[in-house]
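Coordinates from model-v4.txt are shown below (compact mmCIF, C-alpha atoms).
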```
# COMPACT_ATOMS: atom_id res chain seq x y z
CA MET A 1 8.44 -5.83 -13.00
CA ILE A 2 5.17 -7.28 -11.77
CA ALA A 3 3.49 -8.58 -14.92
CA PRO A 4 -0.15 -7.56 -15.32
CA ALA A 5 -1.19 -11.20 -15.84
CA PHE A 6 0.53 -12.20 -12.58
CA ALA A 7 -1.16 -9.29 -10.77
CA GLN A 8 -4.62 -10.26 -11.96
CA ARG A 9 -4.14 -13.95 -11.15
CA PHE A 10 -2.71 -13.20 -7.71
CA ALA A 11 -5.56 -10.79 -6.89
CA ALA A 12 -8.16 -13.38 -7.88
CA ASP A 13 -6.44 -16.15 -5.90
CA TRP A 14 -5.92 -13.95 -2.82
CA ILE A 15 -9.42 -12.52 -2.68
CA GLY A 16 -11.00 -15.88 -3.52
CA ALA A 17 -9.13 -17.59 -0.68
CA TRP A 18 -10.15 -14.91 1.84
CA ASN A 19 -13.76 -14.94 0.75
CA ARG A 20 -13.87 -18.74 1.14
CA HIS A 21 -12.27 -18.21 4.58
CA ASP A 22 -9.71 -20.77 3.39
CA LEU A 23 -6.68 -19.92 5.50
CA ASP A 24 -4.62 -22.78 4.01
CA ALA A 25 -5.12 -21.33 0.54
CA VAL A 26 -4.19 -17.85 1.80
CA LEU A 27 -1.02 -19.20 3.42
CA ALA A 28 -0.09 -21.19 0.31
CA LEU A 29 0.41 -17.85 -1.44
CA CYS A 30 2.83 -16.63 1.25
CA ALA A 31 6.49 -17.24 1.98
CA ASP A 32 7.68 -18.52 5.38
CA GLU A 33 9.33 -15.16 6.15
CA LEU A 34 6.01 -13.34 5.70
CA GLU A 35 5.76 -9.98 7.44
CA LEU A 36 2.45 -8.23 8.12
CA SER A 37 2.16 -4.59 9.15
CA MET A 38 -1.17 -3.01 9.93
CA PRO A 39 -2.35 0.00 11.94
CA ARG A 40 -3.71 -1.07 15.33
CA LEU A 41 -2.25 -4.56 15.01
CA PRO A 42 -1.63 -5.72 18.58
CA ALA A 43 2.07 -6.40 18.10
CA PRO A 44 5.28 -4.43 18.64
CA ALA A 45 5.50 -1.60 16.09
CA GLY A 46 2.30 -2.81 14.43
CA ARG A 47 4.19 -5.66 12.82
CA LEU A 48 4.13 -9.48 12.89
CA ARG A 49 7.09 -11.42 11.50
CA GLY A 50 6.96 -15.04 10.34
CA LYS A 51 4.22 -17.00 8.65
CA THR A 52 3.30 -18.87 11.85
CA LYS A 53 2.60 -15.69 13.82
CA VAL A 54 0.69 -14.06 10.98
CA ALA A 55 -1.34 -17.25 10.47
CA ALA A 56 -2.30 -17.30 14.16
CA TRP A 57 -3.55 -13.72 13.92
CA TRP A 58 -5.53 -14.39 10.76
CA ALA A 59 -7.03 -17.57 12.25
CA ARG A 60 -8.33 -15.51 15.17
CA ALA A 61 -9.72 -12.87 12.85
CA LEU A 62 -11.58 -15.53 10.88
CA THR A 63 -12.89 -17.58 13.79
CA ALA A 64 -13.41 -15.28 16.80
CA PRO A 65 -16.90 -16.49 17.76
CA SER A 66 -18.02 -13.60 19.91
CA LEU A 67 -17.33 -10.99 17.29
CA THR A 68 -18.96 -12.41 14.19
CA VAL A 69 -15.99 -10.94 12.38
CA ALA A 70 -15.85 -13.86 10.00
CA PRO A 71 -18.95 -12.96 7.99
CA ARG A 72 -17.52 -9.47 7.57
CA VAL A 73 -14.27 -10.71 6.12
CA HIS A 74 -15.23 -10.32 2.53
CA LEU A 75 -12.80 -8.63 0.23
CA ALA A 76 -13.88 -7.09 -3.02
CA ALA A 77 -11.00 -5.72 -5.04
CA ALA A 78 -11.59 -2.39 -6.64
CA ALA A 79 -8.31 -2.69 -8.52
CA ALA A 80 -4.99 -4.50 -8.70
CA LEU A 81 -2.23 -2.03 -9.55
CA PRO A 82 1.22 -3.47 -10.33
CA GLY A 83 4.46 -1.63 -9.62
CA THR A 84 8.08 -2.59 -10.29
CA ASP A 85 8.34 -5.16 -7.49
CA SER A 86 5.22 -4.51 -5.47
CA LEU A 87 1.48 -4.80 -6.04
CA VAL A 88 -1.33 -2.69 -4.57
CA LEU A 89 -4.77 -4.17 -4.07
CA LEU A 90 -7.35 -1.46 -3.50
CA LEU A 91 -10.20 -3.02 -1.56
CA ARG A 92 -13.80 -2.10 -1.08
CA GLY A 93 -16.53 -4.01 0.71
CA GLY A 94 -16.42 -1.92 3.84
CA ARG A 95 -14.29 1.16 4.18
CA PRO A 96 -11.64 1.75 1.54
CA SER A 97 -8.33 0.11 2.32
CA ALA A 98 -5.28 -1.05 0.45
CA GLN A 99 -2.80 -3.87 0.80
CA VAL A 100 0.72 -3.41 -0.55
CA PHE A 101 2.37 -6.75 -1.38
CA ARG A 102 6.05 -7.52 -1.86
CA PHE A 103 7.02 -10.80 -3.49
CA ARG A 104 9.92 -13.21 -3.46
CA PRO A 105 11.39 -14.20 -6.82
CA ASP A 106 9.31 -17.42 -6.69
CA GLY A 107 6.12 -15.33 -6.63
CA ARG A 108 5.21 -15.89 -2.97
CA VAL A 109 4.32 -12.96 -0.75
CA SER A 110 7.11 -11.80 1.57
CA ALA A 111 5.46 -8.70 3.03
CA ILE A 112 2.01 -7.16 3.31
CA ALA A 113 1.46 -3.59 4.47
CA VAL A 114 -2.17 -2.80 5.19
CA HIS A 115 -3.22 0.83 4.75
CA THR A 116 -6.54 2.14 6.02
CA GLN A 117 -8.35 5.44 6.29
CA PRO A 118 -6.87 7.51 9.14
CA ALA A 119 -8.00 6.38 12.59
CA ASP A 120 -9.79 9.56 13.50
CA ASP A 121 -12.50 8.87 10.96
CA THR A 122 -12.62 5.11 11.36
CA GLU A 123 -14.49 4.91 14.64
CA THR A 124 -16.92 2.49 13.10
CA LEU A 125 -17.53 -1.25 12.96
CA CYS A 126 -14.10 -1.99 11.59
CA GLY A 127 -12.19 -0.05 14.23
CA ARG A 128 -14.27 -1.43 17.07
CA ALA A 129 -13.93 -5.01 15.82
CA LEU A 130 -10.14 -4.64 15.70
CA VAL A 131 -10.01 -3.19 19.20
CA SER A 132 -12.15 -6.08 20.44
CA LEU A 133 -9.93 -8.59 18.67
CA MET A 134 -6.91 -7.17 20.46
CA ALA A 135 -8.49 -8.15 23.79
CA LEU A 136 -8.67 -11.77 22.66
CA LEU A 137 -4.98 -12.13 21.98
CA PRO A 138 -2.68 -13.58 24.62
CA PRO A 139 0.07 -11.25 25.82
CA GLY A 140 3.23 -11.18 23.78
CA VAL A 141 1.71 -12.12 20.44
CA MET B 1 1.75 5.03 12.70
CA ILE B 2 1.51 7.93 10.29
CA ASP B 3 -0.28 10.90 11.84
CA PRO B 4 -3.64 11.50 10.08
CA ALA B 5 -3.20 15.27 9.96
CA PHE B 6 0.28 14.88 8.46
CA ALA B 7 -1.09 12.40 5.92
CA ARG B 8 -3.85 14.73 4.75
CA ARG B 9 -1.55 17.75 4.55
CA PHE B 10 1.07 15.78 2.62
CA ALA B 11 -1.58 14.48 0.22
CA ALA B 12 -3.01 17.94 -0.49
CA GLU B 13 0.42 19.51 -0.97
CA TRP B 14 1.76 16.68 -3.14
CA ILE B 15 -1.29 16.61 -5.44
CA GLY B 16 -1.27 20.42 -5.57
CA ALA B 17 2.40 20.57 -6.54
CA TRP B 18 1.86 18.09 -9.39
CA ASN B 19 -1.22 19.95 -10.62
CA ARG B 20 0.74 23.21 -10.71
CA HIS B 21 3.48 21.35 -12.61
CA ASP B 22 5.82 22.83 -9.99
CA LEU B 23 8.84 20.51 -9.97
CA ASP B 24 10.58 22.34 -7.11
CA ALA B 25 7.47 22.01 -4.93
CA ILE B 26 7.17 18.32 -5.84
CA LEU B 27 10.80 17.60 -4.99
CA ALA B 28 10.55 19.53 -1.70
CA HIS B 29 8.63 16.53 -0.31
CA TYR B 30 11.60 14.19 -0.80
CA ALA B 31 14.96 13.59 0.86
CA ASP B 32 17.99 14.34 -1.32
CA ASP B 33 18.92 10.68 -1.81
CA PHE B 34 15.40 9.22 -2.05
CA GLN B 35 14.66 6.18 -4.15
CA MET B 36 11.79 6.13 -6.66
CA ARG B 37 10.38 2.94 -8.21
CA SER B 38 7.92 3.05 -11.08
CA PRO B 39 7.00 0.91 -14.08
CA LEU B 40 7.04 4.15 -16.11
CA ILE B 41 10.71 4.67 -15.24
CA ALA B 42 11.38 1.34 -16.92
CA GLN B 43 9.27 2.38 -19.88
CA PHE B 44 10.43 5.97 -20.41
CA ALA B 45 13.74 6.55 -18.60
CA GLY B 46 15.78 3.77 -20.15
CA GLU B 47 16.25 2.18 -16.74
CA PRO B 48 15.05 -1.44 -16.93
CA SER B 49 14.96 -1.86 -13.13
CA GLY B 50 12.37 0.89 -12.86
CA ARG B 51 14.45 2.48 -10.09
CA LEU B 52 16.07 5.89 -9.88
CA SER B 53 17.81 7.42 -6.88
CA GLY B 54 18.45 11.01 -5.82
CA LYS B 55 16.82 14.32 -6.67
CA PRO B 56 18.92 15.05 -9.79
CA ALA B 57 18.02 11.76 -11.51
CA VAL B 58 14.37 11.59 -10.46
CA GLY B 59 13.91 15.32 -11.00
CA ALA B 60 15.18 15.04 -14.57
CA TYR B 61 12.83 12.13 -15.21
CA TRP B 62 9.84 14.02 -13.78
CA ALA B 63 10.74 17.18 -15.74
CA THR B 64 10.58 15.10 -18.92
CA ALA B 65 7.25 13.59 -17.85
CA LEU B 66 5.76 17.05 -17.22
CA GLN B 67 6.93 18.20 -20.66
CA ARG B 68 5.50 15.08 -22.29
CA MET B 69 2.12 15.50 -20.58
CA PRO B 70 1.27 19.22 -20.51
CA ASP B 71 -2.32 18.40 -19.49
CA LEU B 72 -1.23 16.20 -16.58
CA ARG B 73 -3.64 16.55 -13.68
CA PHE B 74 -4.13 14.32 -10.63
CA THR B 75 -7.39 13.91 -8.71
CA LEU B 76 -7.00 12.60 -5.16
CA LEU B 77 -9.36 9.70 -4.41
CA ASP B 78 -8.19 8.37 -1.03
CA VAL B 79 -5.55 8.92 1.65
CA LEU B 80 -4.69 5.61 3.34
CA VAL B 81 -2.21 5.24 6.19
CA GLY B 82 -0.10 2.27 7.19
CA VAL B 83 2.17 1.63 10.15
CA ASP B 84 5.07 3.61 8.71
CA SER B 85 3.96 4.42 5.19
CA LEU B 86 1.31 6.34 3.30
CA LEU B 87 -0.63 5.36 0.20
CA LEU B 88 -2.30 7.91 -2.07
CA HIS B 89 -4.96 6.61 -4.43
CA TYR B 90 -5.49 9.07 -7.22
CA GLN B 91 -6.71 9.38 -10.76
CA GLY B 92 -3.67 10.09 -12.88
CA ALA B 93 -2.95 10.85 -16.50
CA ARG B 94 -3.33 7.17 -17.42
CA GLY B 95 -6.09 6.11 -15.05
CA PRO B 96 -6.11 4.90 -11.46
CA ALA B 97 -2.80 5.03 -9.63
CA ALA B 98 -1.50 4.26 -6.14
CA GLU B 99 1.66 5.92 -4.84
CA TRP B 100 3.34 4.47 -1.76
CA PHE B 101 5.59 6.66 0.43
CA GLU B 102 7.97 5.90 3.28
CA PHE B 103 9.24 8.80 5.38
CA GLY B 104 12.43 9.67 7.20
CA ASP B 105 12.49 11.19 10.66
CA ASP B 106 12.32 14.71 9.20
CA GLY B 107 9.03 13.97 7.45
CA ARG B 108 10.54 13.84 3.97
CA VAL B 109 10.06 10.84 1.67
CA ILE B 110 12.97 8.41 1.55
CA ARG B 111 11.35 5.74 -0.64
CA ALA B 112 8.38 5.88 -2.98
CA ALA B 113 6.79 3.45 -5.41
CA ALA B 114 4.20 4.11 -8.12
CA HIS B 115 1.58 1.56 -9.14
CA TYR B 116 -0.70 1.88 -12.16
CA ALA B 117 -3.71 0.07 -13.53
CA ALA B 118 -2.36 -2.38 -16.06
```
Would you mind giving the structure from this file in structure tokens?
Amino acid sequence: MIAPAFAQRFAADWIGAWNRHDLDAVLALCADELELSMPRLPAPAGRLRGKTKVAAWWARALTAPSLTVAPRVHLAAAAALPGTDSLVLLLRGGRPSAQVFRFRPDGRVSAIAVHTQPADDTETLCGRALVSLMALLPPGV
Amino acid sequence: MIDPAFARRFAAEWIGAWNRHDLDAILAHYADDFQMRSPLIAQFAGEPSGRLSGKPAVGAYWATALQRMPDLRFTLLDVLVGVDSLLLHYQGARGPAAEWFEFGDDGRVIRAAAHYAA
């Protein structure tokens, strides 16, 4: 079971690290075998495997100079909802989205599945920024 | 990527089935051998892992839940899609809840996990 106290502490640490744009602190919460899945992620099957690859993607998202994405990366949690062995963070501060986290026994994140409002009503800043970010990535990432 | 139209239809039908307290309609969304994970299974079904598998076991657990909560009613708040999963954010009997679903090729749920405000 994910203990409520763990869920609250993790949510505060995760959102705090993102809002400081402190990638090292974000990565410190994650296991080496980290897997990220996200709609429109420019990777095979919408999935990146391994902490190094995920970190490279996040670094771009935080620093892409032509997009001014960084100031937009501000997560405000609406709620942290624990499950048996997963945790859902419902996020606001932009369009509603949710991140589903799986954890290793040592408490580090092994998988993150990002869920967003369906694409056909997300043709807004967020969708356009993601599409633009895809153009920045080298082939094969 | 989960198709948006499929996601919305699934959400409406799933919430509707629960609000009618129609166990057959609820279970029709799931594969026969699906796995359900929920903190409430650990609390109420005598299964410390919080996991149950298959329609007979999960169906019996849900039947008990519907009996225990005759006023149970869900209000859908958000339909959120992932690469190969769906998340429904709804207001449940005990407050905010998020149910995660993974689907088989035939569009039925093979794995689901419930999350509740602590």
One decimal, in Å: what's the spacing between CA of Tyr90 in chain B and CA of Asp105 in chain B? 25.4 Å
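Nearest residue to chain B, choosing from A:Leu91, A:Val26, A:Met1, A:Ala12 and counting all atoms listed in the file: A:Met1.
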Counting all atoms listed in the file, which residues of chain A sit at most 10 Å from some atom of chain B, and what is each one's closest atom pair with its distance in Å to one decimal, listed by chain and rising residue number, as a tab-separated table?
```
residue	atom	partner	partner_atom	distance
A:Met1	CA	B:Pro39	CA	7.0
A:Ile2	CA	B:Pro39	CA	8.7
A:Ala3	CA	B:Ala118	CA	8.6
A:Pro4	CA	B:Ala118	CA	5.7
A:Ala5	CA	B:Ala118	CA	8.9
A:Ala7	CA	B:Ala118	CA	8.8
A:Gln8	CA	B:Ala118	CA	9.2
A:Ser37	CA	B:Val83	CA	6.3
A:Met38	CA	B:Val83	CA	5.7
A:Pro39	CA	B:Val83	CA	5.1
A:Arg40	CA	B:Val83	CA	8.3
A:Leu41	CA	B:Val83	CA	9.0
A:Ala45	CA	B:Val83	CA	7.5
A:Gly46	CA	B:Val83	CA	6.2
A:Arg47	CA	B:Val83	CA	8.0
A:Ala79	CA	B:Ala117	CA	7.3
A:Ala80	CA	B:Ala117	CA	6.8
A:Leu81	CA	B:Ala117	CA	4.7
A:Pro82	CA	B:His115	CA	5.2
A:Gly83	CA	B:His115	CA	4.3
A:Thr84	CA	B:Pro39	CA	5.3
A:Asp85	CA	B:Arg37	CA	8.4
A:Ser86	CA	B:His115	CA	8.0
A:Leu87	CA	B:His115	CA	7.1
A:Val88	CA	B:His115	CA	6.9
A:Leu89	CA	B:Ala98	CA	9.3
A:Leu90	CA	B:His89	CA	8.5
A:Pro96	CA	B:Asp78	CA	7.9
A:Ser97	CA	B:Leu80	CA	6.7
A:Ala98	CA	B:Leu80	CA	7.3
A:Gln99	CA	B:Gly82	CA	9.3
A:Val100	CA	B:Trp100	CA	8.4
A:Ala113	CA	B:Gly82	CA	6.6
A:Val114	CA	B:Gly82	CA	5.8
A:His115	CA	B:Gly82	CA	4.2
A:Thr116	CA	B:Leu80	CA	4.8
A:Gln117	CA	B:Leu80	CA	4.7
A:Pro118	CA	B:Pro4	CA	5.2
A:Ala119	CA	B:Pro4	CA	7.2
A:Asp120	CA	B:Pro4	CA	7.3
A:Asp121	CA	B:Pro4	CA	9.3
```
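Separating CA of Asp22 in chain B from CA of Thr64 in chain B is a distance of 12.7 Å.
For the pair CA of Asp32 in chain B and CA of Ala63 in chain B, the interatomic distance is 16.4 Å.
By chain and then residue number, the residues within 8 Å of Ala111 in chain A are A:Leu34, A:Glu35, A:Leu36, A:Val100, A:Phe101, A:Arg102, A:Phe103, A:Val109, A:Ala113, counting only C-alpha atoms and disregarding those fewer than 2 positions away in sequence.
Omitting Trp14 in chain A and its sequence neighbours fewer than 4 positions away, and counting only C-alpha atoms, the residues within 8 Å are A:Phe10, A:Trp18, A:Val26, A:Leu29.
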Residue neighbourhood Ala57 in chain B, 12 Å, only C-alpha atoms, exclusion window fewer than 2 positions, as a VMD selection string: chain B and resid 27 32 to 36 41 45 to 47 51 to 55 59 to 64
